[in-house]
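Since the structure comes first, as structure tokens, the remarks are kept for the end.
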Amino acid sequence: MDPLLAWRKEFPILGHTTYMISHSLGAMPQRAADRVREFTDTWATRGIRAWAEGWWEMPVTVGNLIGSIIGAGDCEVVMHQNVSICQSLVTSCLDWSGRRNKLVTEGLNFPSNDYVYHGLERIGARVVTVPSPDGITLPLDPLLAAIDEETLLVSVSHVAFRSSYVQDLAAIVKRAHEMGAMVIADLYQSAGTVPVNVRDLQVDFATGGSVKWLCGGPGAGYLYVRRDLWDSLQPAATGWMAHEEPFAFEAGPIRYAGDAFRFLNGTPNVPAMYAARSGYEIINEIGVPAIREKSKRQTARLVALADDAGIPVRTCRDPERRGGVVTFDVPNAKEVTQELIRREILVDYRPKAGIRVAPHFYTADEELDSTVAAIRELALAAR
Ligand SMILES: Cc1ncc(COP(=O)(O)O)c(C=O)c1O
């Protein structure tokens with residue numbers, strides 16, 4: 001008996017689809033609809049008073065629900081709209097004009113992060129990308145070797161979006177700190193499925209979003225900044241919520257808030273935070289270790305089923321280095337994906353990867369079997 005299957009009834013879409021796409025959009029908990037209703041009711045009945053009755057503080061109160069998933073302390077996580085904004089905000093705190101101007105990133109990082117980094121070249125940054133030799137893994141040694149005394153920031157995805165490869169964050173942080181550099185970890189593909197503890201790891205910055213494993217829907221990203229760095233960081237990408245006294249409406253340069261509000265900008269995405277909370281609460285209730293244990297078992301089963309079917313996988317075979325996704329490399333992956341979706345088996349396709357299949361805590365073993373059987377049938381038919 002799999003106790004986590006008791007959660008299935010909370011996710012309406014599981015009643016009529018085989019939902020294998022939580023790496024892209026986690027299923028909506030029914031409670032999220034109630035929460036969105038709560039938002040509109042509050043807006044309708046409390047009007048402007050809602051700001052003082054909770055809306056203003058939401059970037060931090062909702063951030064606390066993320067904090068307990070990623071190991072941050074109380075009031076150390078703030079909510080933003082997405083990772084791209086958080087990356088821009090963090091990099092805007094740093095001085096790229098000096099000799100220490102290197103930004104070390106890696107070939108499995110999410111492209112949106114790269115776009116932000118290359119934009120910094122205009123203000124002096126040198127972006128060094130350590131390539132992945134196979135599009136699946138990222139060997140540690142070349143990454144560590146690229147981090148030197150001219151490195152200001154190291155950026156890695158904890159778990160790679162394309163191959164689900166799990167990076168050794170502890171080793172990366174250790175090397176970066178030895179060299180006097182800081183680390184920003186993109187936790188989007190780990191938080192909620194692979195345990196991560198930002199304080200134990202001593203990462204300087206961490207960011208991620210809610211669309212995927214956290215089942216929180218779009219518009220709710222998060223940012224963690226190591227507390228002892230707060231006073232030294234002055235984001236150039238900022239806004240009035242980050243002001244020490246926002247309602248003084250002072251003109252001229254900002255005086256930053258002393259708390260995590262200094263990492264906010266303008267008006268927050270209140271409805272998205274209402275929607276996202278239910279997913280975070282459920283993940284907190286289950287606990288990531290239990291989710292990871294099941295995920296490792298189910299991804300191992302997917303790999304075994306792929307082997308039986310003679311389908312290559314473009315995912316790490318070492319369970320400790322594999323996140324929540326198994327990628328099936330069939331030649332006509334795009335067309336097979338379209339047909340799977342037509343049959344209500346929800347997966348996706350990524351170029352240079354293949355068909356990405358992701359069970360989550362609500363997935364039944366039989367769904368793994370039927371998904372691989374369908375991929376096999378369609379791949380064979382197209383030969
Ligand atoms: C690792 C990772 N980072 C970032 C993103 C997206 O970032 P944003 O929140 O800016 O859309 C994704 C997926 O969409 C991702 O998988």
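By order in the structure tokens, chains are A, B, ...; within a chain, residues start at 1; ligands start at 1, following the order shown.
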Determine, for each residue of chain A having at least one atom at most 7 Å from an atom of ligand 1, the closest pair of atoms and their separation in Å to one decimal, counting only C-alpha atoms and all ligand atoms; order by chain and ascending number, as JSON lines.
```
{"residue": "A:Ser24", "atom": "CA", "partner": "ligand 1", "partner_atom_place_in_ligand_line": "14 (O)", "distance": 6.8}
{"residue": "A:Asn82", "atom": "CA", "partner": "ligand 1", "partner_atom_place_in_ligand_line": "9 (O)", "distance": 3.6}
{"residue": "A:Val83", "atom": "CA", "partner": "ligand 1", "partner_atom_place_in_ligand_line": "9 (O)", "distance": 3.8}
{"residue": "A:Ser84", "atom": "CA", "partner": "ligand 1", "partner_atom_place_in_ligand_line": "10 (O)", "distance": 3.7}
{"residue": "A:Ile85", "atom": "CA", "partner": "ligand 1", "partner_atom_place_in_ligand_line": "10 (O)", "distance": 6.6}
{"residue": "A:Asn109", "atom": "CA", "partner": "ligand 1", "partner_atom_place_in_ligand_line": "1 (C)", "distance": 6.6}
{"residue": "A:Phe110", "atom": "CA", "partner": "ligand 1", "partner_atom_place_in_ligand_line": "3 (N)", "distance": 4.9}
{"residue": "A:Ser112", "atom": "CA", "partner": "ligand 1", "partner_atom_place_in_ligand_line": "10 (O)", "distance": 6.3}
{"residue": "A:Ser157", "atom": "CA", "partner": "ligand 1", "partner_atom_place_in_ligand_line": "1 (C)", "distance": 5.7}
{"residue": "A:Val159", "atom": "CA", "partner": "ligand 1", "partner_atom_place_in_ligand_line": "1 (C)", "distance": 6.8}
{"residue": "A:Ala160", "atom": "CA", "partner": "ligand 1", "partner_atom_place_in_ligand_line": "1 (C)", "distance": 6.0}
{"residue": "A:Phe161", "atom": "CA", "partner": "ligand 1", "partner_atom_place_in_ligand_line": "16 (O)", "distance": 4.5}
{"residue": "A:Asp186", "atom": "CA", "partner": "ligand 1", "partner_atom_place_in_ligand_line": "1 (C)", "distance": 5.8}
{"residue": "A:Leu187", "atom": "CA", "partner": "ligand 1", "partner_atom_place_in_ligand_line": "1 (C)", "distance": 6.5}
{"residue": "A:Tyr188", "atom": "CA", "partner": "ligand 1", "partner_atom_place_in_ligand_line": "1 (C)", "distance": 4.7}
{"residue": "A:Gln189", "atom": "CA", "partner": "ligand 1", "partner_atom_place_in_ligand_line": "1 (C)", "distance": 5.3}
{"residue": "A:Gly208", "atom": "CA", "partner": "ligand 1", "partner_atom_place_in_ligand_line": "3 (N)", "distance": 6.5}
{"residue": "A:Gly209", "atom": "CA", "partner": "ligand 1", "partner_atom_place_in_ligand_line": "9 (O)", "distance": 5.4}
{"residue": "A:Gly221", "atom": "CA", "partner": "ligand 1", "partner_atom_place_in_ligand_line": "9 (O)", "distance": 6.0}
```
Please produce a file of those selected residues containing N, CA and C atoms, as a short mmCIF file (atom, residue, chain, number, x, y, z; two decimals), in the first residue's frame.
```cif
data_model
loop_
_atom_site.label_atom_id
_atom_site.label_comp_id
_atom_site.auth_asym_id
_atom_site.auth_seq_id
_atom_site.Cartn_x
_atom_site.Cartn_y
_atom_site.Cartn_z
N SER A 24 6.78 20.20 -15.05
CA SER A 24 6.45 21.35 -15.88
C SER A 24 5.30 22.14 -15.25
N ASN A 82 8.71 35.43 -10.51
CA ASN A 82 9.37 34.30 -11.16
C ASN A 82 10.88 34.32 -10.90
N VAL A 83 11.54 33.27 -11.37
CA VAL A 83 12.98 33.13 -11.17
C VAL A 83 13.76 34.20 -11.92
N SER A 84 13.32 34.53 -13.13
CA SER A 84 14.07 35.49 -13.94
C SER A 84 14.20 36.82 -13.21
N ILE A 85 13.12 37.26 -12.56
CA ILE A 85 13.17 38.51 -11.79
C ILE A 85 14.14 38.36 -10.62
N ASN A 109 22.16 24.79 -16.95
CA ASN A 109 21.36 25.82 -16.28
C ASN A 109 20.18 26.21 -17.17
N PHE A 110 19.15 26.77 -16.56
CA PHE A 110 17.97 27.14 -17.34
C PHE A 110 18.29 28.38 -18.21
N SER A 112 16.82 30.99 -19.27
CA SER A 112 16.41 32.31 -18.82
C SER A 112 17.48 32.93 -17.91
N SER A 157 21.97 25.15 -11.46
CA SER A 157 20.67 24.54 -11.17
C SER A 157 20.93 23.35 -10.26
N VAL A 159 18.96 20.88 -9.70
CA VAL A 159 18.55 19.75 -10.57
C VAL A 159 18.31 20.33 -11.96
N ALA A 160 18.91 19.71 -12.97
CA ALA A 160 18.83 20.24 -14.33
C ALA A 160 17.44 20.02 -14.93
N PHE A 161 16.93 21.05 -15.58
CA PHE A 161 15.56 20.94 -16.12
C PHE A 161 15.47 19.92 -17.25
N ASP A 186 19.57 27.58 -8.35
CA ASP A 186 18.21 27.53 -8.88
C ASP A 186 17.59 26.20 -8.42
N LEU A 187 16.63 26.32 -7.53
CA LEU A 187 16.03 25.13 -6.90
C LEU A 187 14.73 24.71 -7.58
N TYR A 188 14.44 25.30 -8.74
CA TYR A 188 13.12 25.07 -9.32
C TYR A 188 12.80 23.59 -9.49
N GLN A 189 13.82 22.83 -9.94
CA GLN A 189 13.55 21.41 -10.22
C GLN A 189 13.88 20.50 -9.04
N GLY A 208 13.56 29.92 -7.03
CA GLY A 208 12.79 28.86 -7.67
C GLY A 208 11.38 29.36 -7.86
N GLY A 209 10.53 28.49 -8.32
CA GLY A 209 9.15 28.89 -8.56
C GLY A 209 8.20 27.78 -8.14
N GLY A 221 7.19 33.08 -7.69
CA GLY A 221 8.58 32.64 -7.54
C GLY A 221 9.08 33.04 -6.16
#
```
> Can you list, as an MDAnalysis selection string, every protein, DNA or RNA residue that comes within 6 Å of segment 74-78 of chain A when you count only C-alpha atoms, leaving out same-chain residues fewer than 6 positions away?
Replying inline: chainID A and resid 59:60 63:64 67 222:224
Can I get the selection written as a tab-separated table (two decimals), in the first residue's frame, with C-alpha atoms?
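This is the output file result-v8.tsv:
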```tsv
chain	number	residue	atom	x	y	z
A	59	PRO	CA	5.55	38.01	0.23
A	60	VAL	CA	7.05	37.02	3.58
A	63	GLY	CA	7.63	32.84	1.74
A	64	ASN	CA	7.73	31.16	5.15
A	67	GLY	CA	11.26	28.45	3.81
A	222	TYR	CA	10.73	32.87	-4.43
A	223	LEU	CA	14.08	34.27	-3.35
A	224	TYR	CA	16.27	33.32	-0.41
```
> By how many Å are atom CA of Gly26 of chain A and atom CA of Lys212 of chain A apart?
Replying inline: 4.6 Å
> Distance atom CA of Leu140 of chain A-atom CA of Ala304 of chain A, one decimal place?
Replying inline: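 That distance, rounded to one decimal, is 26.8 Å.
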Write out, as a Markdown table, each residue of segment 157-198 of chain A that has an atom at most 7 Å from segment 318-327 of chain A, together with the closest pair of atoms and their distance in Å to one decimal, counting only C-alpha atoms, rows going by chain and rising number.
```
| residue | atom | partner | partner_atom | distance |
| --- | --- | --- | --- | --- |
| A:Val159 | CA | A:Gly323 | CA | 6.3 |
| A:Ser163 | CA | A:Thr327 | CA | 6.8 |
| A:Ser164 | CA | A:Gly323 | CA | 4.8 |
| A:Tyr165 | CA | A:Arg322 | CA | 5.1 |
| A:Val166 | CA | A:Arg321 | CA | 4.6 |
| A:Thr193 | CA | A:Gly324 | CA | 6.6 |
| A:Val194 | CA | A:Gly323 | CA | 6.6 |
```
Output file for the selection above: all heavy atoms, as a compact mmCIF listing (two decimals), in the first residue's frame:
```txt
# COMPACT_ATOMS: atom_id res chain seq x y z
N VAL A 159 18.96 20.88 -9.70
CA VAL A 159 18.55 19.75 -10.57
C VAL A 159 18.31 20.33 -11.96
O VAL A 159 17.58 21.32 -12.11
CB VAL A 159 17.28 19.07 -10.03
CG1 VAL A 159 16.79 18.00 -11.00
CG2 VAL A 159 17.55 18.44 -8.66
N SER A 163 17.63 17.15 -18.01
CA SER A 163 17.98 15.75 -17.75
C SER A 163 17.70 15.31 -16.33
O SER A 163 17.86 14.14 -16.00
CB SER A 163 19.46 15.54 -18.02
OG SER A 163 20.22 16.31 -17.09
N SER A 164 17.35 16.27 -15.45
CA SER A 164 17.07 15.95 -14.05
C SER A 164 18.32 15.55 -13.28
O SER A 164 18.24 14.92 -12.23
CB SER A 164 16.00 14.85 -13.95
OG SER A 164 15.23 15.03 -12.80
N TYR A 165 19.48 15.94 -13.76
CA TYR A 165 20.75 15.62 -13.09
C TYR A 165 20.87 16.44 -11.80
O TYR A 165 20.66 17.64 -11.80
CB TYR A 165 21.92 15.94 -14.02
CG TYR A 165 23.27 15.60 -13.44
CD1 TYR A 165 23.63 14.28 -13.22
CD2 TYR A 165 24.19 16.59 -13.10
CE1 TYR A 165 24.86 13.94 -12.67
CE2 TYR A 165 25.42 16.28 -12.56
CZ TYR A 165 25.74 14.95 -12.34
OH TYR A 165 26.96 14.63 -11.79
N VAL A 166 21.23 15.77 -10.71
CA VAL A 166 21.36 16.45 -9.41
C VAL A 166 22.82 16.84 -9.20
O VAL A 166 23.71 15.99 -9.18
CB VAL A 166 20.91 15.53 -8.25
CG1 VAL A 166 21.01 16.27 -6.91
CG2 VAL A 166 19.49 15.03 -8.48
N THR A 193 10.70 17.97 -4.39
CA THR A 193 10.87 16.56 -4.78
C THR A 193 12.24 16.01 -4.36
O THR A 193 12.36 14.82 -4.08
CB THR A 193 10.62 16.35 -6.29
OG1 THR A 193 10.69 14.96 -6.57
CG2 THR A 193 11.63 17.08 -7.16
N VAL A 194 13.26 16.87 -4.30
CA VAL A 194 14.58 16.45 -3.81
C VAL A 194 14.88 17.30 -2.57
O VAL A 194 14.79 18.53 -2.65
CB VAL A 194 15.67 16.68 -4.89
CG1 VAL A 194 17.05 16.37 -4.34
CG2 VAL A 194 15.38 15.85 -6.14
```
> Counting only C-alpha atoms, what is within 12 Å of Thr105 of chain A, bar same-chain residues fewer than 6 positions away, as a PyMOL selection string?
Replying inline: chain A and resi 111+113-118+126-132+138+142-144+146-147+151-158+172+182-186
> With only C-alpha atoms as the basis for distance, which of A:Ala191, A:Leu264, A:Val347, A:Ala257 is at the shortest distance from Thr238 of chain A?
Replying inline: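 Counting only C-alpha atoms, the residue closest to Thr238 of chain A is A:Leu264.
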> If you run DSSP on the backbone, which residues of segment 49-259 of chain A are strand (DSSP E), as an MDAnalysis selection string?
Replying inline: chainID A and resid 77:80 102:106 126:130 151:157 182:186 205:209 221:225
> Looking only at the backbone, which of the residues in segment 21-261 of chain A does DSSP tag as alpha helix (DSSP H), as a ChimeraX atom specification?
Replying inline: /A:30-46,49-50,58-70,83-91,111-119,140-146,169-178,198-201
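Shortest separation to Gly287 of chain A among A:Ile136, A:Ile70, A:Ala373, A:Val173 occurs at residue A:Ile70, atoms counted being only C-alpha atoms.
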> What's the 12 Å shell around Val303 of chain A, counting only C-alpha atoms, without same-chain residues fewer than 2 positions away, as a ChimeraX atom specification?
Replying inline: /A:296-301,305-319,322,324-329,357-358,368-369,372
> Which residues, written as a PyMOL selection string, have at least one atom at most 9 Å from Thr371 of chain A, with only C-alpha atoms counted and residues fewer than 3 positions away on the same chain left out?
Replying inline: chain A and resi 18+20+340+345+357+366-368+374-376
